[in-house]
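**Q** Provided herewith is a single structure, encoded as structure tokens, for subsequent inquiry.
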Amino acid sequence: MKNQRIIVAIVLLALAAAPWIGISDYIIGVLTMICFYGVFAMSWDLLFGYAGEVNFGPSFLIGLGAYGAGLADADLGLPLPLCVALGTLAAVLGGLLLAIPALRLRGPYFGLITLVAVLLLQDAIVIFAGTTGGEIGLSVPDILSVNATVNFYYALGLLVIAGTVLLTVANSSFGLILQAAGQDAIEAQALGFNVVKYKIAAFVLSAFFSGLAGAMLVFYLGTASVDAMVDIAVGIQVIIAAVLGGRRTIIGPVLGAAFLIGAGEILRPLGQVSGVVVAAVALGTILIFPNGFLGLLRGRHSA
Amino acid sequence: MTGLLEISGLTKRFGGLVAVNDVSFDVRPGEILGLIGPNGSGKSTVMKLIMGIERPNAGKVRLNGVNLAGRPTYEIARAGIGIVFQHSRPLHRQTVLQNILLGLLPDRLTAMRAGADAIAHATAIAGRVGLGHVLQCLPATLPFADLRRMELAKAIARNPLVVLIDEPFAGLTSGEVKDFSDLIVSFRDEGRAVLLVDHNVKSVAAMVDRVIALYLGEIIAQGHAADVMADETVRRVYLGGGITTHERPVAIFANTQPILAVKDLSVFYGKAQALEKVDLTLHPGEFVSVVGLNGAGKTTLFNAISGFVAYDGAIHWQGRARTGQSAAAIARAGLVHCPETRELFGDMSVAENIALGGQFLPGPERLERQAWLFELFPILKARLQQSARTLSGGEQQMLAIARALMMNPQLLILDEPTLGLAPVILGQLSDALKYLREQTNITILLGEQNVTFALPHADRVYVLEHGRMIWEGTPTRFAGEMAENFLQA
Ligand SMILES: Nc1ncnc2c1ncn2[C@@H]1O[C@H](COP(=O)(O)OP(=O)(O)OP(=O)(O)O)[C@@H](O)[C@H]1O
Ligand SMILES: [Mg+2]
């Protein structure tokens, strides 16, 4: 645990220093995207790895955050921080909405509901194309910053804050009770825990960071779009990143996100094929090492 | 007010089935009340109703005069009732210490790290139930008895006024039963009220202050243990005539070719060696029992034989070396394993589970076998459309045995088949084994904790200890040479 903390600190310092060692804006951009995806994947891990909820639709929460913020900016012209707050709020409400079926249905059925939620959101965006920009996307007038380095620091700051909060929660008594509720809700209740309370809290927390990151991503990219923030494919990316990095670790999903985004960029010259290659490598890794990167590292360590 | 826990008019219906019907009783502080009855009589359901895991259709559950019926489980737990479930429910990804610690945590979202005193407290509870040496282990690596100890530890973590304990002795050796009895008695001596369910009638009778007998969801007798056990109806529907032992004539197998020959079998789980160079032979038509304490390696041995775990060494099946066959191919070749864990298809009905077992039997034979099994376990016939998950513990065990028998095995491996069965059913099971042996040339490999059940049927007995075969011989010799370690059940 101690070693791990030191490693994390070193990696973070190195990242913070990255813009000053003369790397290109392009690479800084890639690192920025890794930070956003890292937050998405960590938030998902809280629900799946700890609360045991099979959420196939992380992009539902991300999308609510993104479009909530985007619409507040483009249509209402509110100041940027307020837009981000409104987007986050939309995602949290979405998370509460998802918690209702989650508390009533068993795993696979809940999973289906989350998929449907993504499709509904996507449909709604297309149907109300007049206000949402539909398939073309919604351009926002405001932007985080024109400076790549500043944008990167925003994203890194978000990653650090989200990571700290989620890790603290996951390693606290709350995290233990949440895992108990996820593994065996009846047993957890028989031990005196109000399972509903913990699950709702997990949904709220996960939705909060998913939505916050989604909202900030809009002001980084300058647009809210279905392809980048709502599509099922986005959700799948997030899930693969989390599982690949090591579910139930919070940190692992960030590694997974780094690998997915990083490898995707490196292989970009291959064009269409690159996505296939990255996905194949990721799936192969998951098959061979079901505990993901971090599980692999930890296994080595303790063995 | 007489009782700490007062149950009145408790009733629970599952569809048309009345599982618990107008049951009333009290439990006083510092008292152990035994609850006995045949499989499916509603004992576990009564406990779940008290705990709020099932909602009663009618009736009251009063703790210190406050009615808790219909309240959510967590409130009931916090009001002062703890439960040990019939099946262990460990958190698999947490260590033993964390499992116990969980029971000590406050029900607060803002609860941060458990304090040093909570950890000390959890450690003390672990020590009390005999888990002090495995605090950092994961449940999957624990022997069966230790898992049950952990359940006891969790149930008392919140310092409950009332403890509900469902079948604590099932699957334990006589020595372990003694330990558990002492622990439960110590709960009573601390002034807790204990409601105890178990089919180990002798041990229950020895420690309870009173007994209630349930049958078809209703109380049929109550009072002193000796009186209830002597009751006419209780004898008929629950105790049965004791196990009628069908000693078999001495048979000579030595000259026949073995159906199964295991040589130098070793199994490792990671670095831990579970079996060390085990030899075992079975001849066609033979009945062999493997006896050994919990954790000795019986289940691992059976799993290796049926191809569920990887092993070193050689296994010959009907004279030919077996290499690289899948567990499915092994089963189709006639080696059928009825595992300790039952492995039923929980969402499928009783009828579907049985039908799956009979897939490879021709039609007429299948119906005949099915009819015989329903005669053997009539309750299964009454539960045909019920999904396996909701069956009572004993009913599940019967279904697992029935499904295995539908597969028309040449070699049947029965791992702890008596687990959770009422005494009356043990007699029936014994009859069934006798019938199988006489009507077919089935070979049986039995792993049992219950030596009184394992011995009488066997032609030969093996004793497994710490992963090694330490003894082999006839039941008669066993009684002379090994009995002191195993027999005083
Ligand atoms: N959810 C359910 N749906 C339908 N039937 C059920 C359900 N739960 C229990 N039953 C039935 O109610 C009856 C009582 O079950 P219970 O588990 O209380 O029996 P038990 O006395 O504990 O038996 P055992 O000694 O085998 O553990 C059983 O016949 C069982 O099949
Ligand atoms: Mg029961």
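Chain labels run A, B, ... following the order of the structure tokens; each chain numbers its residues from 1, and ligands are numbered from 1 in the order shown.
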Using only C-alpha atoms and all ligand atoms, what are the residues with an atom within 10 Å of ligand 1, set out as a PDB file with N, CA and C atoms, in the first residue's frame?
**A**
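Contents of out.pdb, as written:
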ATOM      1  N   LYS B  12     -46.672 -17.790   7.047  1.00  0.00           N
ATOM      2  CA  LYS B  12     -46.062 -17.413   5.767  1.00  0.00           C
ATOM      3  C   LYS B  12     -46.542 -18.355   4.670  1.00  0.00           C
ATOM      4  N   ARG B  13     -47.073 -17.773   3.612  1.00  0.00           N
ATOM      5  CA  ARG B  13     -47.491 -18.569   2.455  1.00  0.00           C
ATOM      6  C   ARG B  13     -46.598 -18.250   1.267  1.00  0.00           C
ATOM      7  N   PHE B  14     -46.165 -19.295   0.553  1.00  0.00           N
ATOM      8  CA  PHE B  14     -45.486 -19.106  -0.735  1.00  0.00           C
ATOM      9  C   PHE B  14     -46.466 -19.625  -1.782  1.00  0.00           C
ATOM     10  N   GLY B  15     -47.163 -18.749  -2.482  1.00  0.00           N
ATOM     11  CA  GLY B  15     -48.187 -19.231  -3.403  1.00  0.00           C
ATOM     12  C   GLY B  15     -49.173 -20.076  -2.625  1.00  0.00           C
ATOM     13  N   GLY B  16     -49.406 -21.275  -3.076  1.00  0.00           N
ATOM     14  CA  GLY B  16     -50.371 -22.142  -2.401  1.00  0.00           C
ATOM     15  C   GLY B  16     -49.797 -22.861  -1.197  1.00  0.00           C
ATOM     16  N   LEU B  17     -48.470 -22.806  -1.059  1.00  0.00           N
ATOM     17  CA  LEU B  17     -47.823 -23.564   0.015  1.00  0.00           C
ATOM     18  C   LEU B  17     -47.817 -22.754   1.314  1.00  0.00           C
ATOM     19  N   VAL B  18     -48.340 -23.357   2.369  1.00  0.00           N
ATOM     20  CA  VAL B  18     -48.257 -22.675   3.661  1.00  0.00           C
ATOM     21  C   VAL B  18     -47.011 -23.195   4.366  1.00  0.00           C
ATOM     22  N   ALA B  19     -45.942 -22.409   4.335  1.00  0.00           N
ATOM     23  CA  ALA B  19     -44.656 -22.880   4.864  1.00  0.00           C
ATOM     24  C   ALA B  19     -44.625 -22.774   6.380  1.00  0.00           C
ATOM     25  N   VAL B  20     -45.291 -21.741   6.915  1.00  0.00           N
ATOM     26  CA  VAL B  20     -45.354 -21.555   8.366  1.00  0.00           C
ATOM     27  C   VAL B  20     -46.797 -21.175   8.688  1.00  0.00           C
ATOM     28  N   LEU B  35     -35.349 -26.000  17.668  1.00  0.00           N
ATOM     29  CA  LEU B  35     -36.452 -26.068  16.713  1.00  0.00           C
ATOM     30  C   LEU B  35     -36.119 -27.229  15.789  1.00  0.00           C
ATOM     31  N   ILE B  36     -36.913 -28.293  15.849  1.00  0.00           N
ATOM     32  CA  ILE B  36     -36.618 -29.444  15.003  1.00  0.00           C
ATOM     33  C   ILE B  36     -37.799 -29.722  14.087  1.00  0.00           C
ATOM     34  N   GLY B  37     -37.587 -30.591  13.137  1.00  0.00           N
ATOM     35  CA  GLY B  37     -38.648 -30.948  12.211  1.00  0.00           C
ATOM     36  C   GLY B  37     -38.065 -31.439  10.916  1.00  0.00           C
ATOM     37  N   PRO B  38     -38.858 -32.182  10.149  1.00  0.00           N
ATOM     38  CA  PRO B  38     -38.340 -32.747   8.904  1.00  0.00           C
ATOM     39  C   PRO B  38     -37.947 -31.665   7.897  1.00  0.00           C
ATOM     40  N   ASN B  39     -37.300 -32.054   6.831  1.00  0.00           N
ATOM     41  CA  ASN B  39     -36.902 -31.114   5.788  1.00  0.00           C
ATOM     42  C   ASN B  39     -38.145 -30.463   5.202  1.00  0.00           C
ATOM     43  N   GLY B  40     -38.079 -29.151   5.080  1.00  0.00           N
ATOM     44  CA  GLY B  40     -39.201 -28.435   4.487  1.00  0.00           C
ATOM     45  C   GLY B  40     -40.322 -28.145   5.464  1.00  0.00           C
ATOM     46  N   SER B  41     -40.093 -28.345   6.763  1.00  0.00           N
ATOM     47  CA  SER B  41     -41.178 -28.134   7.716  1.00  0.00           C
ATOM     48  C   SER B  41     -41.309 -26.664   8.101  1.00  0.00           C
ATOM     49  N   GLY B  42     -40.373 -25.837   7.679  1.00  0.00           N
ATOM     50  CA  GLY B  42     -40.535 -24.401   7.902  1.00  0.00           C
ATOM     51  C   GLY B  42     -39.591 -23.798   8.922  1.00  0.00           C
ATOM     52  N   LYS B  43     -38.595 -24.540   9.356  1.00  0.00           N
ATOM     53  CA  LYS B  43     -37.685 -24.042  10.398  1.00  0.00           C
ATOM     54  C   LYS B  43     -36.912 -22.814   9.915  1.00  0.00           C
ATOM     55  N   SER B  44     -36.264 -22.935   8.756  1.00  0.00           N
ATOM     56  CA  SER B  44     -35.490 -21.799   8.258  1.00  0.00           C
ATOM     57  C   SER B  44     -36.407 -20.633   7.942  1.00  0.00           C
ATOM     58  N   THR B  45     -37.599 -20.935   7.463  1.00  0.00           N
ATOM     59  CA  THR B  45     -38.535 -19.851   7.150  1.00  0.00           C
ATOM     60  C   THR B  45     -38.901 -19.082   8.419  1.00  0.00           C
ATOM     61  N   VAL B  46     -39.108 -19.782   9.518  1.00  0.00           N
ATOM     62  CA  VAL B  46     -39.397 -19.088  10.783  1.00  0.00           C
ATOM     63  C   VAL B  46     -38.265 -18.115  11.102  1.00  0.00           C
ATOM     64  N   MET B  47     -37.035 -18.583  10.929  1.00  0.00           N
ATOM     65  CA  MET B  47     -35.899 -17.707  11.228  1.00  0.00           C
ATOM     66  C   MET B  47     -35.874 -16.500  10.302  1.00  0.00           C
ATOM     67  N   LYS B  48     -36.145 -16.739   9.004  1.00  0.00           N
ATOM     68  CA  LYS B  48     -36.133 -15.622   8.060  1.00  0.00           C
ATOM     69  C   LYS B  48     -37.253 -14.635   8.364  1.00  0.00           C
ATOM     70  N   LEU B  49     -38.375 -15.135   8.857  1.00  0.00           N
ATOM     71  CA  LEU B  49     -39.483 -14.235   9.206  1.00  0.00           C
ATOM     72  C   LEU B  49     -39.101 -13.379  10.402  1.00  0.00           C
ATOM     73  N   GLU B  54     -37.924 -12.592   5.032  1.00  0.00           N
ATOM     74  CA  GLU B  54     -39.216 -12.824   4.383  1.00  0.00           C
ATOM     75  C   GLU B  54     -40.238 -12.036   5.192  1.00  0.00           C
ATOM     76  N   GLN B  86     -28.274 -21.023   7.258  1.00  0.00           N
ATOM     77  CA  GLN B  86     -28.039 -22.452   7.012  1.00  0.00           C
ATOM     78  C   GLN B  86     -26.854 -22.642   6.067  1.00  0.00           C
ATOM     79  N   HIS B  87     -26.752 -21.782   5.061  1.00  0.00           N
ATOM     80  CA  HIS B  87     -25.600 -21.847   4.171  1.00  0.00           C
ATOM     81  C   HIS B  87     -24.710 -20.649   4.480  1.00  0.00           C
ATOM     82  N   ASP B 166     -28.973 -21.527  12.393  1.00  0.00           N
ATOM     83  CA  ASP B 166     -29.578 -22.534  11.515  1.00  0.00           C
ATOM     84  C   ASP B 166     -28.545 -23.595  11.125  1.00  0.00           C
ATOM     85  N   GLU B 167     -28.717 -24.783  11.617  1.00  0.00           N
ATOM     86  CA  GLU B 167     -27.876 -25.951  11.319  1.00  0.00           C
ATOM     87  C   GLU B 167     -26.373 -25.705  11.483  1.00  0.00           C
ATOM     88  N   VAL B 197     -31.587 -24.499  15.309  1.00  0.00           N
ATOM     89  CA  VAL B 197     -32.128 -25.531  14.419  1.00  0.00           C
ATOM     90  C   VAL B 197     -30.996 -26.470  14.061  1.00  0.00           C
ATOM     91  N   ASP B 198     -31.214 -27.767  14.182  1.00  0.00           N
ATOM     92  CA  ASP B 198     -30.231 -28.712  13.640  1.00  0.00           C
ATOM     93  C   ASP B 198     -30.825 -30.109  13.573  1.00  0.00           C
ATOM     94  N   HIS B 199     -30.287 -30.887  12.636  1.00  0.00           N
ATOM     95  CA  HIS B 199     -30.759 -32.272  12.505  1.00  0.00           C
ATOM     96  C   HIS B 199     -29.922 -33.237  13.329  1.00  0.00           C
ATOM     97  N   LEU B 214     -41.636 -28.854  14.543  1.00  0.00           N
ATOM     98  CA  LEU B 214     -42.501 -28.342  13.481  1.00  0.00           C
ATOM     99  C   LEU B 214     -42.759 -29.465  12.477  1.00  0.00           C
ATOM    100  N   TYR B 215     -43.937 -29.449  11.907  1.00  0.00           N
ATOM    101  CA  TYR B 215     -44.225 -30.367  10.806  1.00  0.00           C
ATOM    102  C   TYR B 215     -45.210 -29.662   9.898  1.00  0.00           C
ATOM    103  N   LEU B 216     -44.910 -29.590   8.612  1.00  0.00           N
ATOM    104  CA  LEU B 216     -45.754 -28.875   7.650  1.00  0.00           C
ATOM    105  C   LEU B 216     -46.096 -27.471   8.144  1.00  0.00           C
ATOM    106  N   GLY B 217     -45.134 -26.831   8.750  1.00  0.00           N
ATOM    107  CA  GLY B 217     -45.320 -25.437   9.146  1.00  0.00           C
ATOM    108  C   GLY B 217     -46.058 -25.234  10.451  1.00  0.00           C
ATOM    109  N   ILE B 379     -41.178 -35.448  -1.131  1.00  0.00           N
ATOM    110  CA  ILE B 379     -41.340 -33.998  -1.081  1.00  0.00           C
ATOM    111  C   ILE B 379     -40.927 -33.349  -2.395  1.00  0.00           C
ATOM    112  N   LEU B 380     -40.000 -33.981  -3.114  1.00  0.00           N
ATOM    113  CA  LEU B 380     -39.589 -33.421  -4.405  1.00  0.00           C
ATOM    114  C   LEU B 380     -40.763 -33.430  -5.369  1.00  0.00           C
ATOM    115  N   ALA B 382     -43.820 -33.130  -4.598  1.00  0.00           N
ATOM    116  CA  ALA B 382     -44.737 -32.060  -4.202  1.00  0.00           C
ATOM    117  C   ALA B 382     -44.200 -30.683  -4.582  1.00  0.00           C
ATOM    118  N   ARG B 383     -42.900 -30.586  -4.881  1.00  0.00           N
ATOM    119  CA  ARG B 383     -42.293 -29.285  -5.179  1.00  0.00           C
ATOM    120  C   ARG B 383     -41.877 -29.159  -6.645  1.00  0.00           C
ATOM    121  N   LEU B 384     -42.425 -29.996  -7.512  1.00  0.00           N
ATOM    122  CA  LEU B 384     -41.933 -30.090  -8.898  1.00  0.00           C
ATOM    123  C   LEU B 384     -41.730 -28.762  -9.617  1.00  0.00           C
ATOM    124  N   GLN B 385     -42.642 -27.822  -9.436  1.00  0.00           N
ATOM    125  CA  GLN B 385     -42.556 -26.581 -10.223  1.00  0.00           C
ATOM    126  C   GLN B 385     -41.779 -25.482  -9.505  1.00  0.00           C
ATOM    127  N   GLN B 386     -41.363 -25.757  -8.281  1.00  0.00           N
ATOM    128  CA  GLN B 386     -40.653 -24.727  -7.507  1.00  0.00           C
ATOM    129  C   GLN B 386     -39.220 -24.596  -8.016  1.00  0.00           C
ATOM    130  N   SER B 387     -38.701 -23.364  -8.040  1.00  0.00           N
ATOM    131  CA  SER B 387     -37.322 -23.239  -8.521  1.00  0.00           C
ATOM    132  C   SER B 387     -36.364 -23.700  -7.422  1.00  0.00           C
ATOM    133  N   ALA B 388     -35.285 -24.332  -7.864  1.00  0.00           N
ATOM    134  CA  ALA B 388     -34.380 -25.016  -6.936  1.00  0.00           C
ATOM    135  C   ALA B 388     -33.846 -24.074  -5.873  1.00  0.00           C
ATOM    136  N   ARG B 389     -33.636 -22.815  -6.256  1.00  0.00           N
ATOM    137  CA  ARG B 389     -33.061 -21.845  -5.321  1.00  0.00           C
ATOM    138  C   ARG B 389     -33.894 -21.692  -4.046  1.00  0.00           C
ATOM    139  N   THR B 390     -35.210 -21.831  -4.186  1.00  0.00           N
ATOM    140  CA  THR B 390     -36.074 -21.558  -3.039  1.00  0.00           C
ATOM    141  C   THR B 390     -36.375 -22.800  -2.211  1.00  0.00           C
ATOM    142  N   LEU B 391     -35.824 -23.944  -2.592  1.00  0.00           N
ATOM    143  CA  LEU B 391     -36.043 -25.157  -1.798  1.00  0.00           C
ATOM    144  C   LEU B 391     -35.362 -25.028  -0.441  1.00  0.00           C
ATOM    145  N   SER B 392     -35.858 -25.784   0.529  1.00  0.00           N
ATOM    146  CA  SER B 392     -35.170 -25.808   1.821  1.00  0.00           C
ATOM    147  C   SER B 392     -33.845 -26.539   1.651  1.00  0.00           C
ATOM    148  N   GLY B 393     -32.944 -26.369   2.627  1.00  0.00           N
ATOM    149  CA  GLY B 393     -31.613 -26.965   2.521  1.00  0.00           C
ATOM    150  C   GLY B 393     -31.678 -28.462   2.252  1.00  0.00           C
ATOM    151  N   GLY B 394     -32.479 -29.157   3.038  1.00  0.00           N
ATOM    152  CA  GLY B 394     -32.577 -30.600   2.875  1.00  0.00           C
ATOM    153  C   GLY B 394     -33.200 -30.980   1.535  1.00  0.00           C
ATOM    154  N   GLU B 395     -34.179 -30.206   1.102  1.00  0.00           N
ATOM    155  CA  GLU B 395     -34.808 -30.483  -0.195  1.00  0.00           C
ATOM    156  C   GLU B 395     -33.795 -30.337  -1.322  1.00  0.00           C
ATOM    157  N   GLN B 396     -32.917 -29.332  -1.192  1.00  0.00           N
ATOM    158  CA  GLN B 396     -31.873 -29.159  -2.212  1.00  0.00           C
ATOM    159  C   GLN B 396     -30.945 -30.364  -2.245  1.00  0.00           C
ATOM    160  N   GLN B 397     -30.605 -30.854  -1.060  1.00  0.00           N
ATOM    161  CA  GLN B 397     -29.728 -32.014  -0.996  1.00  0.00           C
ATOM    162  C   GLN B 397     -30.392 -33.216  -1.677  1.00  0.00           C
ATOM    163  N   MET B 398     -31.684 -33.393  -1.400  1.00  0.00           N
ATOM    164  CA  MET B 398     -32.400 -34.511  -2.023  1.00  0.00           C
ATOM    165  C   MET B 398     -32.400 -34.355  -3.534  1.00  0.00           C
ATOM    166  N   LEU B 419     -25.650 -34.203   4.371  1.00  0.00           N
ATOM    167  CA  LEU B 419     -25.630 -32.826   4.847  1.00  0.00           C
ATOM    168  C   LEU B 419     -27.034 -32.226   4.875  1.00  0.00           C
ATOM    169  N   GLY B 420     -27.495 -31.889   6.053  1.00  0.00           N
ATOM    170  CA  GLY B 420     -28.778 -31.200   6.166  1.00  0.00           C
ATOM    171  C   GLY B 420     -30.004 -32.080   6.040  1.00  0.00           C
ATOM    172  N   LEU B 421     -29.827 -33.395   6.006  1.00  0.00           N
ATOM    173  CA  LEU B 421     -31.002 -34.261   5.882  1.00  0.00           C
ATOM    174  C   LEU B 421     -31.532 -34.646   7.256  1.00  0.00           C
ATOM    175  N   ALA B 422     -32.851 -34.702   7.355  1.00  0.00           N
ATOM    176  CA  ALA B 422     -33.487 -35.114   8.602  1.00  0.00           C
ATOM    177  C   ALA B 422     -33.232 -36.600   8.830  1.00  0.00           C
TER     178      ALA B 422
END
**Q** Skip Leu89 (chain A) itself and residues of its chain fewer than 2 positions away, then list as JSON, numbers by chain all residues within 10 Å of it, counting only C-alpha atoms.
**A** {"A": [64, 65, 68, 69, 83, 84, 85, 86, 87, 91, 92, 93, 94, 95, 204, 207, 208, 211, 212]}
**Q** Can you tell me, as a ChimeraX atom specification, what residues are no more than 9 Å from region 183-196 of chain B when counting only C-alpha atoms, ignoring any on the same chain fewer than 2 positions away?
**A** /B:4-5,27-36,47,128-129,152,156,160-168,178-181,198,204,207-208
**Q** Would you mind reading off the distance between CA of Ala327 (chain B) and CA of Gly307 (chain B), one decimal, in Å?
**A**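 Distance between the two atoms: 4.8 Å.
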**Q** I need the contact residues of chain B against chain A, so if you could list those with any atom within 6 Å, counting only C-alpha atoms, and return them as a PDB file with C-alpha atoms, in the first residue's frame, that would help.
**A**
ATOM      1  CA  THR B  73     -33.923  -6.591   8.100  1.00  0.00           C
ATOM      2  CA  TYR B  74     -31.276  -4.045   9.003  1.00  0.00           C
ATOM      3  CA  ALA B  77     -30.527  -6.639  13.177  1.00  0.00           C
ATOM      4  CA  ARG B  78     -29.835  -3.405  14.958  1.00  0.00           C
ATOM      5  CA  GLY B 103     -20.349  -6.721  11.621  1.00  0.00           C
ATOM      6  CA  ASP B 107     -24.462   1.960   9.660  1.00  0.00           C
ATOM      7  CA  LEU B 109     -22.301   6.672   5.174  1.00  0.00           C
ATOM      8  CA  ALA B 111     -17.981   5.949   8.500  1.00  0.00           C
ATOM      9  CA  MET B 112     -14.303   6.182   7.675  1.00  0.00           C
ATOM     10  CA  ARG B 113     -11.659   3.697   8.687  1.00  0.00           C
TER      11      ARG B 113
END
